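Note sheet for the following structure.
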Amino acid sequence: MKIFTLNAPRTALNFFAGLCVLTLIYFGFVHNREAVAVSGEPANTSYLAIIINGFGYGGVGVREFLYMDIPFTGGVIPGAPHTEDETRRLVANGKDVMIHMPMEARNMRGVWLPDIHIMNSHTKAEARAALLKAIDQIPSATGITNRYDSKVMDNEDLLTTILSTAMESNLYFVDSLAANRSKASEISEELGARVYIADIVLDGSSDVRRIERNLRRAARMADENGFAIAIGHIGPEGGRATAQAIHNMREELAQKGVVLVTMSELSQRMQ
């Protein structure tokens, strides 16, 4: 640590100028809940963005989420049988939409991929073409998230192409952390891409109480960090149960100072 001796007017001016700079750096860049708060909201407000993946197949819970009056972001799978219809219905009901991009899983046994997908064996040109096709099919998307425990998420060349293509379309990327060796954060620092890391998966179960407990965990994460990102799903292991749990927890979350927001709103606040 340097010690400054104030022995001249110029030194004093330099000291106070430096102090001002340090103050600006602290309040401008230190990562805490005030960094995402906006005028008119309490200083202890925290934000929870919920992403519901799996739209596009007409699965269990679609109707419940379509008519939910709580903010969330619907992750729509491109190339699925009901992609365009469910995207249209989400948008018509004022919902935030993102692309839930199919990628090759580490274990493909029993996994079916739609026509629009990215394989680990794809060239950079093929991966880019697939993502652009997904963006064309879901033009209302504000971002992209990965699907499955994917090999692609630790393929530096393909992931660089994916994030660069997302940047060109002004889309953020949410790393679902389904891939334990994901390089998304590392590459995003090099590119300057908007990449966010999911904090918790809410469901994988039809047990409403269990999903409520996970929502409480998500609320604690939001309280500690100022924000958190939770992922739920359409389908039998989530779906209606997840929608019910979110409804049940709405008032409790509000009482804890946790504001539910869409993923695109959280991204805007983070910037």
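Please note that chains go A, B, ... in the order of the structure tokens, that every chain numbers its residues from 1, and that ligands are numbered from 1 in the order shown.
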Which residues of range 121-193 of chain A come within 10 Å of range 256-271 of chain A, and for each one, what is the closest pair of atoms and their distance in Å to one decimal, counting only C-alpha atoms, sorted by chain and residue number, as CSV?
residue,atom,partner,partner_atom,distance
A:Ala141,CA,A:Ser264,CA,9.4
A:Thr142,CA,A:Ser264,CA,6.2
A:Gly143,CA,A:Ser264,CA,7.5
A:Leu171,CA,A:Ser264,CA,9.2
A:Tyr172,CA,A:Ser267,CA,7.6
A:Phe173,CA,A:Ser267,CA,9.9
A:Val174,CA,A:Met263,CA,9.0
My list of candidates is A:Ser182, A:Gln244, A:Thr145, A:Ser46. Which is closest to Thr73 in chain A when distances are computed with only C-alpha atoms?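 Among A:Ser182, A:Gln244, A:Thr145, A:Ser46, it is A:Thr145 that comes nearest to Thr73 in chain A.
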Members of range 221-263 of chain A assigned strand (DSSP E or B) by DSSP, as a PyMOL selection string: chain A and resi 227-233+258-261
Atoms to include: N, CA and C atoms. Write the selected residues as a PDB file, in the first residue's frame.
ATOM      1  N   PHE A 227     -29.362 -10.295  -7.469  1.00  0.00           N
ATOM      2  CA  PHE A 227     -30.179 -10.902  -8.520  1.00  0.00           C
ATOM      3  C   PHE A 227     -29.880 -12.389  -8.588  1.00  0.00           C
ATOM      4  N   ALA A 228     -30.774 -13.136  -9.204  1.00  0.00           N
ATOM      5  CA  ALA A 228     -30.568 -14.561  -9.443  1.00  0.00           C
ATOM      6  C   ALA A 228     -31.379 -14.971 -10.661  1.00  0.00           C
ATOM      7  N   ILE A 229     -30.960 -16.084 -11.275  1.00  0.00           N
ATOM      8  CA  ILE A 229     -31.651 -16.634 -12.448  1.00  0.00           C
ATOM      9  C   ILE A 229     -32.026 -18.080 -12.143  1.00  0.00           C
ATOM     10  N   ALA A 230     -33.311 -18.391 -12.277  1.00  0.00           N
ATOM     11  CA  ALA A 230     -33.820 -19.729 -12.010  1.00  0.00           C
ATOM     12  C   ALA A 230     -34.427 -20.296 -13.287  1.00  0.00           C
ATOM     13  N   ILE A 231     -34.284 -21.602 -13.477  1.00  0.00           N
ATOM     14  CA  ILE A 231     -34.816 -22.262 -14.673  1.00  0.00           C
ATOM     15  C   ILE A 231     -35.850 -23.305 -14.275  1.00  0.00           C
ATOM     16  N   GLY A 232     -37.011 -23.245 -14.933  1.00  0.00           N
ATOM     17  CA  GLY A 232     -38.058 -24.247 -14.793  1.00  0.00           C
ATOM     18  C   GLY A 232     -38.384 -24.811 -16.162  1.00  0.00           C
ATOM     19  N   HIS A 233     -39.359 -25.717 -16.217  1.00  0.00           N
ATOM     20  CA  HIS A 233     -39.626 -26.407 -17.471  1.00  0.00           C
ATOM     21  C   HIS A 233     -41.114 -26.659 -17.691  1.00  0.00           C
ATOM     22  N   VAL A 258     -38.041  -9.482  -3.006  1.00  0.00           N
ATOM     23  CA  VAL A 258     -37.599 -10.073  -4.273  1.00  0.00           C
ATOM     24  C   VAL A 258     -38.608  -9.721  -5.364  1.00  0.00           C
ATOM     25  N   VAL A 259     -38.143  -9.027  -6.381  1.00  0.00           N
ATOM     26  CA  VAL A 259     -38.994  -8.628  -7.500  1.00  0.00           C
ATOM     27  C   VAL A 259     -38.791  -9.612  -8.645  1.00  0.00           C
ATOM     28  N   LEU A 260     -39.885 -10.213  -9.125  1.00  0.00           N
ATOM     29  CA  LEU A 260     -39.808 -11.114 -10.268  1.00  0.00           C
ATOM     30  C   LEU A 260     -39.746 -10.302 -11.553  1.00  0.00           C
ATOM     31  N   VAL A 261     -38.783 -10.611 -12.410  1.00  0.00           N
ATOM     32  CA  VAL A 261     -38.591  -9.880 -13.661  1.00  0.00           C
ATOM     33  C   VAL A 261     -38.365 -10.870 -14.792  1.00  0.00           C
TER      34      VAL A 261
END
Between CA of Leu158 in chain A and CA of His122 in chain A - distance in Å to one decimal: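 Rounded to one decimal, the two atoms are 7.9 Å apart.
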Run DSSP on the backbone and give me the residues of range 104-230 of chain A it puts in alpha helix (DSSP H), as number ranges by chain. A: 124-137, 156-168, 184-191, 208-225
Output the selection as a short mmCIF file (atom, residue, chain, number, x, y, z; two decimals), in the first residue's frame - N, CA and C atoms for each residue.
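Below is the file that was written, result-v2.cif:
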data_model
loop_
_atom_site.label_atom_id
_atom_site.label_comp_id
_atom_site.auth_asym_id
_atom_site.auth_seq_id
_atom_site.Cartn_x
_atom_site.Cartn_y
_atom_site.Cartn_z
N LYS A 124 -18.01 -24.47 -37.85
CA LYS A 124 -18.46 -23.16 -37.36
C LYS A 124 -19.55 -22.59 -38.28
N ALA A 125 -19.41 -22.81 -39.59
CA ALA A 125 -20.41 -22.32 -40.54
C ALA A 125 -21.75 -23.01 -40.32
N GLU A 126 -21.72 -24.32 -40.05
CA GLU A 126 -22.96 -25.07 -39.82
C GLU A 126 -23.64 -24.62 -38.52
N ALA A 127 -22.84 -24.40 -37.48
CA ALA A 127 -23.41 -23.94 -36.21
C ALA A 127 -24.04 -22.57 -36.36
N ARG A 128 -23.36 -21.69 -37.08
CA ARG A 128 -23.89 -20.35 -37.31
C ARG A 128 -25.19 -20.40 -38.10
N ALA A 129 -25.21 -21.25 -39.13
CA ALA A 129 -26.41 -21.36 -39.97
C ALA A 129 -27.59 -21.87 -39.15
N ALA A 130 -27.34 -22.84 -38.26
CA ALA A 130 -28.42 -23.39 -37.43
C ALA A 130 -28.96 -22.33 -36.49
N LEU A 131 -28.07 -21.56 -35.88
CA LEU A 131 -28.52 -20.53 -34.94
C LEU A 131 -29.28 -19.42 -35.66
N LEU A 132 -28.80 -19.03 -36.83
CA LEU A 132 -29.50 -18.00 -37.60
C LEU A 132 -30.89 -18.48 -38.02
N LYS A 133 -31.00 -19.76 -38.33
CA LYS A 133 -32.31 -20.33 -38.69
C LYS A 133 -33.25 -20.27 -37.48
N ALA A 134 -32.71 -20.55 -36.29
CA ALA A 134 -33.52 -20.46 -35.07
C ALA A 134 -33.96 -19.04 -34.80
N ILE A 135 -33.06 -18.09 -35.02
CA ILE A 135 -33.39 -16.67 -34.81
C ILE A 135 -34.46 -16.23 -35.80
N ASP A 136 -34.37 -16.71 -37.03
CA ASP A 136 -35.38 -16.37 -38.04
C ASP A 136 -36.75 -16.94 -37.66
N GLN A 137 -36.76 -18.14 -37.08
CA GLN A 137 -38.03 -18.76 -36.71
C GLN A 137 -38.64 -18.13 -35.46
N GLU A 156 -14.69 -24.74 -27.82
CA GLU A 156 -14.34 -23.31 -27.89
C GLU A 156 -14.69 -22.69 -29.23
N ASP A 157 -14.39 -23.38 -30.33
CA ASP A 157 -14.66 -22.83 -31.66
C ASP A 157 -16.15 -22.61 -31.88
N LEU A 158 -16.96 -23.64 -31.58
CA LEU A 158 -18.40 -23.53 -31.81
C LEU A 158 -19.03 -22.51 -30.87
N LEU A 159 -18.59 -22.50 -29.61
CA LEU A 159 -19.18 -21.58 -28.65
C LEU A 159 -18.82 -20.13 -28.99
N THR A 160 -17.61 -19.91 -29.48
CA THR A 160 -17.24 -18.56 -29.93
C THR A 160 -18.14 -18.12 -31.08
N THR A 161 -18.42 -19.05 -32.00
CA THR A 161 -19.32 -18.74 -33.12
C THR A 161 -20.72 -18.44 -32.62
N ILE A 162 -21.22 -19.23 -31.68
CA ILE A 162 -22.57 -19.03 -31.14
C ILE A 162 -22.68 -17.67 -30.46
N LEU A 163 -21.72 -17.34 -29.61
CA LEU A 163 -21.78 -16.07 -28.88
C LEU A 163 -21.58 -14.87 -29.82
N SER A 164 -20.72 -15.02 -30.82
CA SER A 164 -20.53 -13.94 -31.79
C SER A 164 -21.80 -13.70 -32.59
N THR A 165 -22.47 -14.78 -32.97
CA THR A 165 -23.73 -14.66 -33.72
C THR A 165 -24.81 -14.04 -32.85
N ALA A 166 -24.84 -14.40 -31.58
CA ALA A 166 -25.80 -13.78 -30.66
C ALA A 166 -25.55 -12.29 -30.54
N MET A 167 -24.30 -11.89 -30.46
CA MET A 167 -23.96 -10.47 -30.35
C MET A 167 -24.42 -9.71 -31.60
N GLU A 168 -24.23 -10.31 -32.76
CA GLU A 168 -24.64 -9.66 -34.01
C GLU A 168 -26.14 -9.38 -34.01
N ALA A 184 -18.48 -20.78 -21.54
CA ALA A 184 -19.22 -19.57 -21.92
C ALA A 184 -18.69 -18.32 -21.23
N SER A 185 -18.45 -18.40 -19.93
CA SER A 185 -17.98 -17.22 -19.20
C SER A 185 -16.62 -16.76 -19.71
N GLU A 186 -15.73 -17.72 -19.90
CA GLU A 186 -14.37 -17.42 -20.37
C GLU A 186 -14.40 -16.73 -21.73
N ILE A 187 -15.18 -17.26 -22.66
CA ILE A 187 -15.24 -16.71 -24.02
C ILE A 187 -15.95 -15.37 -24.02
N SER A 188 -16.97 -15.22 -23.16
CA SER A 188 -17.72 -13.96 -23.13
C SER A 188 -16.82 -12.80 -22.73
N GLU A 189 -15.84 -13.04 -21.86
CA GLU A 189 -14.93 -11.99 -21.45
C GLU A 189 -14.07 -11.53 -22.62
N GLU A 190 -13.69 -12.45 -23.48
CA GLU A 190 -12.88 -12.10 -24.65
C GLU A 190 -13.70 -11.34 -25.69
N LEU A 191 -14.96 -11.74 -25.86
CA LEU A 191 -15.80 -11.16 -26.91
C LEU A 191 -16.56 -9.91 -26.45
N VAL A 208 -44.93 -29.86 -5.78
CA VAL A 208 -45.06 -28.42 -5.65
C VAL A 208 -44.25 -27.90 -4.46
N ARG A 209 -44.29 -28.61 -3.33
CA ARG A 209 -43.56 -28.17 -2.14
C ARG A 209 -42.05 -28.13 -2.39
N ARG A 210 -41.55 -29.10 -3.11
CA ARG A 210 -40.13 -29.11 -3.43
C ARG A 210 -39.77 -27.91 -4.31
N ILE A 211 -40.60 -27.61 -5.27
CA ILE A 211 -40.34 -26.46 -6.15
C ILE A 211 -40.41 -25.16 -5.35
N GLU A 212 -41.33 -25.08 -4.39
CA GLU A 212 -41.40 -23.91 -3.51
C GLU A 212 -40.11 -23.75 -2.72
N ARG A 213 -39.57 -24.85 -2.21
CA ARG A 213 -38.31 -24.77 -1.47
C ARG A 213 -37.18 -24.25 -2.37
N ASN A 214 -37.18 -24.69 -3.62
CA ASN A 214 -36.18 -24.21 -4.56
C ASN A 214 -36.35 -22.72 -4.86
N LEU A 215 -37.59 -22.26 -4.90
CA LEU A 215 -37.84 -20.83 -5.08
C LEU A 215 -37.32 -20.03 -3.88
N ARG A 216 -37.44 -20.59 -2.69
CA ARG A 216 -36.88 -19.91 -1.51
C ARG A 216 -35.36 -19.85 -1.60
N ARG A 217 -34.75 -20.93 -2.09
CA ARG A 217 -33.30 -20.91 -2.29
C ARG A 217 -32.91 -19.85 -3.32
N ALA A 218 -33.68 -19.76 -4.39
CA ALA A 218 -33.42 -18.75 -5.40
C ALA A 218 -33.55 -17.35 -4.81
N ALA A 219 -34.54 -17.15 -3.95
CA ALA A 219 -34.74 -15.85 -3.30
C ALA A 219 -33.54 -15.50 -2.42
N ARG A 220 -32.99 -16.49 -1.71
CA ARG A 220 -31.81 -16.23 -0.88
C ARG A 220 -30.61 -15.84 -1.74
N MET A 221 -30.47 -16.51 -2.88
CA MET A 221 -29.38 -16.17 -3.80
C MET A 221 -29.54 -14.74 -4.32
N ALA A 222 -30.78 -14.38 -4.65
CA ALA A 222 -31.05 -13.01 -5.13
C ALA A 222 -30.74 -12.01 -4.03
N ASP A 223 -31.10 -12.34 -2.79
CA ASP A 223 -30.85 -11.44 -1.67
C ASP A 223 -29.35 -11.25 -1.44
N GLU A 224 -28.58 -12.32 -1.59
CA GLU A 224 -27.13 -12.24 -1.36
C GLU A 224 -26.41 -11.48 -2.47
N ASN A 225 -26.86 -11.66 -3.71
CA ASN A 225 -26.12 -11.12 -4.86
C ASN A 225 -26.79 -9.94 -5.54
#
Ile77 in chain A surroundings by only C-alpha atoms, 7 Å radius, close-in-sequence under 4 positions cut, as a list in words: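 What passes the distance filter is Gly54, Phe55, Gly56, Thr83, Ile99, His100, Met101 and Pro102 of chain A.
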Hey, can you check how far CA of Met119 in chain A sits from CA of Lys183 in chain A?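 CA of Met119 in chain A sits 16.3 Å away from CA of Lys183 in chain A.
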What separates CA of Glu64 in chain A and CA of Asp207 in chain A is a distance of 16.3 Å
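With distances restricted to only C-alpha atoms, A:Thr45 is the closest residue to Gln255 in chain A from A:Thr87, A:Glu237, A:Ser150, A:Thr45.
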Nearest residue to Trp112 in chain A from the set A:Gly79, A:Ile52, A:Leu177, A:Arg194 (distances using only C-alpha atoms):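 Looking at the shortest contact to Trp112 in chain A, the residue is A:Gly79.
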